[in-house]
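Structure record follows, encoded as structure tokens.
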Amino acid sequence: MSNDRFISIGDLSRRTGVAVSAIRFYEEKGLLTALRTSGNQRRFLRSDIRRVSFILIAQKLGLALADIERELSALPQGRTPTLGDWEKISLSMRASIDAQIGLLELTRRKLEECIGCGCLSLAKCGIYNVDDHAGGQGTGPRFVLK
């Protein structure tokens with residue numbers, strides 16, 4: 001194995017800020033694939049730094065591990081992903097990210113007004129939800145999560 005193409009699990013951990021145990025977990029879940037040396041030590045492609053970075057960002061966005069795994073499965077194994085590879089993932093995720101952005105913006109606006117819980121505990125509820133009419137429309141924050 002060429003030294004410049006592969007890194008140890010410790011190096012991957014240091015470069016990404018992800019604990020070794022988390023990298024092992026990602027490997028267990030199929031998000032990363034380690035190669036083994038003759039001494040049975042894990043070696044990762046240097047490009048796996050990008051994979052781990054993608055995992056961190058996707059988790060921060062609230063994507064489930066199954067969704068992350070699906071997206072990463074589109075990337076090639078054994079070679080550094082190209083710009084085209086990442087663009088495919090970007091296009092695949094765009095609608096989901098746009099929907100999350102829309103929900104965040106709506107939530108920000110509604111938190112300044114009313115989240116639609118029918119609580120009648122805020123002074124503004126007397127304006128937005130007179131006589132708790134929203135309560136008859138169902139449970140939960142229906143002005144945000146429709």
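So you can find residues: chains in the structure tokens are A, B, ... in the order shown, residues in each start at 1, and ligands are numbered from 1 in order.
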
Excluding same-chain residues fewer than 4 positions from Arg42 of chain A, what lies within 12 Å of it counting only C-alpha atoms, as a PyMOL selection string? chain A and resi 1+6-12+20+23-24+27+32-38

Selection from above, N, CA and C atoms, as a PDB file, in the first residue's frame, can you write it?
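Once everything was written out, this is selection-v6.pdb:
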ATOM      1  N   MET A   1       0.841  -1.191   0.000  1.00  0.00           N
ATOM      2  CA  MET A   1       0.000   0.000   0.000  1.00  0.00           C
ATOM      3  C   MET A   1       0.880   1.246   0.000  1.00  0.00           C
ATOM      4  N   PHE A   6      -2.864   6.187   1.532  1.00  0.00           N
ATOM      5  CA  PHE A   6      -3.581   5.596   2.656  1.00  0.00           C
ATOM      6  C   PHE A   6      -3.188   6.260   3.964  1.00  0.00           C
ATOM      7  N   ILE A   7      -4.142   6.283   4.895  1.00  0.00           N
ATOM      8  CA  ILE A   7      -3.862   6.829   6.224  1.00  0.00           C
ATOM      9  C   ILE A   7      -4.404   5.858   7.280  1.00  0.00           C
ATOM     10  N   SER A   8      -3.842   5.948   8.448  1.00  0.00           N
ATOM     11  CA  SER A   8      -4.292   5.095   9.549  1.00  0.00           C
ATOM     12  C   SER A   8      -5.601   5.631  10.127  1.00  0.00           C
ATOM     13  N   ILE A   9      -6.247   4.824  10.930  1.00  0.00           N
ATOM     14  CA  ILE A   9      -7.484   5.250  11.576  1.00  0.00           C
ATOM     15  C   ILE A   9      -7.221   6.424  12.522  1.00  0.00           C
ATOM     16  N   GLY A  10      -6.045   6.415  13.165  1.00  0.00           N
ATOM     17  CA  GLY A  10      -5.677   7.522  14.047  1.00  0.00           C
ATOM     18  C   GLY A  10      -5.496   8.818  13.270  1.00  0.00           C
ATOM     19  N   ASP A  11      -4.863   8.725  12.103  1.00  0.00           N
ATOM     20  CA  ASP A  11      -4.691   9.916  11.261  1.00  0.00           C
ATOM     21  C   ASP A  11      -6.047  10.431  10.760  1.00  0.00           C
ATOM     22  N   LEU A  12      -6.925   9.499  10.379  1.00  0.00           N
ATOM     23  CA  LEU A  12      -8.260   9.901   9.925  1.00  0.00           C
ATOM     24  C   LEU A  12      -9.008  10.599  11.067  1.00  0.00           C
ATOM     25  N   VAL A  20     -12.014   7.740  17.101  1.00  0.00           N
ATOM     26  CA  VAL A  20     -11.705   6.456  16.474  1.00  0.00           C
ATOM     27  C   VAL A  20     -12.906   5.517  16.590  1.00  0.00           C
ATOM     28  N   ILE A  23     -15.365   6.286  13.929  1.00  0.00           N
ATOM     29  CA  ILE A  23     -14.897   5.812  12.612  1.00  0.00           C
ATOM     30  C   ILE A  23     -15.148   4.312  12.495  1.00  0.00           C
ATOM     31  N   ARG A  24     -14.877   3.574  13.551  1.00  0.00           N
ATOM     32  CA  ARG A  24     -15.172   2.128  13.549  1.00  0.00           C
ATOM     33  C   ARG A  24     -16.670   1.886  13.364  1.00  0.00           C
ATOM     34  N   GLU A  27     -17.580   2.449   9.833  1.00  0.00           N
ATOM     35  CA  GLU A  27     -17.129   1.293   9.057  1.00  0.00           C
ATOM     36  C   GLU A  27     -18.106   0.127   9.231  1.00  0.00           C
ATOM     37  N   LEU A  32     -17.902   3.653   5.568  1.00  0.00           N
ATOM     38  CA  LEU A  32     -16.477   3.676   5.220  1.00  0.00           C
ATOM     39  C   LEU A  32     -16.009   2.245   5.041  1.00  0.00           C
ATOM     40  N   THR A  33     -14.981   2.075   4.224  1.00  0.00           N
ATOM     41  CA  THR A  33     -14.383   0.757   4.048  1.00  0.00           C
ATOM     42  C   THR A  33     -12.894   0.860   4.314  1.00  0.00           C
ATOM     43  N   ALA A  34     -12.439   0.067   5.263  1.00  0.00           N
ATOM     44  CA  ALA A  34     -11.010   0.054   5.576  1.00  0.00           C
ATOM     45  C   ALA A  34     -10.360  -1.114   4.857  1.00  0.00           C
ATOM     46  N   LEU A  35      -9.135  -0.890   4.460  1.00  0.00           N
ATOM     47  CA  LEU A  35      -8.295  -1.975   3.958  1.00  0.00           C
ATOM     48  C   LEU A  35      -7.455  -2.441   5.139  1.00  0.00           C
ATOM     49  N   ARG A  36      -6.941  -3.653   5.075  1.00  0.00           N
ATOM     50  CA  ARG A  36      -6.132  -4.173   6.170  1.00  0.00           C
ATOM     51  C   ARG A  36      -4.708  -4.415   5.689  1.00  0.00           C
ATOM     52  N   THR A  37      -3.762  -4.046   6.556  1.00  0.00           N
ATOM     53  CA  THR A  37      -2.347  -4.316   6.270  1.00  0.00           C
ATOM     54  C   THR A  37      -2.066  -5.772   6.605  1.00  0.00           C
ATOM     55  N   SER A  38      -0.878  -6.221   6.280  1.00  0.00           N
ATOM     56  CA  SER A  38      -0.484  -7.596   6.626  1.00  0.00           C
ATOM     57  C   SER A  38      -0.506  -7.787   8.138  1.00  0.00           C
TER      58      SER A  38
END

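Distances here use only C-alpha atoms; by that measure, the residue among A:Arg5, A:Phe54, A:Lys110, A:Leu65 closest to Ser90 of chain A is A:Phe54.
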
Mind giving me the straight-line distance from atom CA of Ile68 of chain A to atom CA of Ala99 of chain A in Å, one decimal?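 For atom CA of Ile68 of chain A relative to atom CA of Ala99 of chain A, the distance reads 16.8 Å.
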
With distances taken over only C-alpha atoms, the candidate from A:Arg15, A:Arg70, A:Arg108, A:Arg50 nearest Lys29 of chain A is A:Arg70

Rounded to one decimal, what separation in Å do you get between atom CA of Leu72 of chain A and atom CA of Arg51 of chain A?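 That distance, rounded to one decimal, is 7.6 Å.
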
Closest of A:Gly17, A:Gly62, A:Gly39, A:Pro81 to Ile97 of chain A - atom-to-atom distances counting only C-alpha atoms: A:Gly62

Taking the backbone alone, and naming residues the way the document does, which bits of segment 4-130 of chain A are strand (DSSP E) by DSSP, as a PyMOL selection string? chain A and resi 6-8+35-36+42-45

Residues from last step as file, C-alpha atoms, as a PDB file, in the first residue's frame:
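Result saved to again.pdb:
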ATOM      1  CA  PHE A   6      -3.581   5.596   2.656  1.00  0.00           C
ATOM      2  CA  ILE A   7      -3.862   6.829   6.224  1.00  0.00           C
ATOM      3  CA  SER A   8      -4.292   5.095   9.549  1.00  0.00           C
ATOM      4  CA  LEU A  35      -8.295  -1.975   3.958  1.00  0.00           C
ATOM      5  CA  ARG A  36      -6.132  -4.173   6.170  1.00  0.00           C
ATOM      6  CA  ARG A  42      -6.910  -0.538   9.299  1.00  0.00           C
ATOM      7  CA  ARG A  43      -5.909   1.765   6.464  1.00  0.00           C
ATOM      8  CA  PHE A  44      -8.252   4.250   4.856  1.00  0.00           C
ATOM      9  CA  LEU A  45      -7.978   6.091   1.590  1.00  0.00           C
TER      10      LEU A  45
END

Between atom CA of Leu91 of chain A and atom CA of Arg46 of chain A, what is the distance in Å, rounded to a tenth?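 Answer for the atom CA of Leu91 of chain A to atom CA of Arg46 of chain A separation: 24.5 Å.
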
Go through A:Asp131, A:Asp4, A:Glu105, A:Asp98 one by one, measure the shortest atom-to-atom distance of each to Leu61 of chain A using only C-alpha atoms, and give the residue with the smallest value.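 When distances to Leu61 of chain A are compared using only C-alpha atoms, the smallest one comes from A:Asp98.
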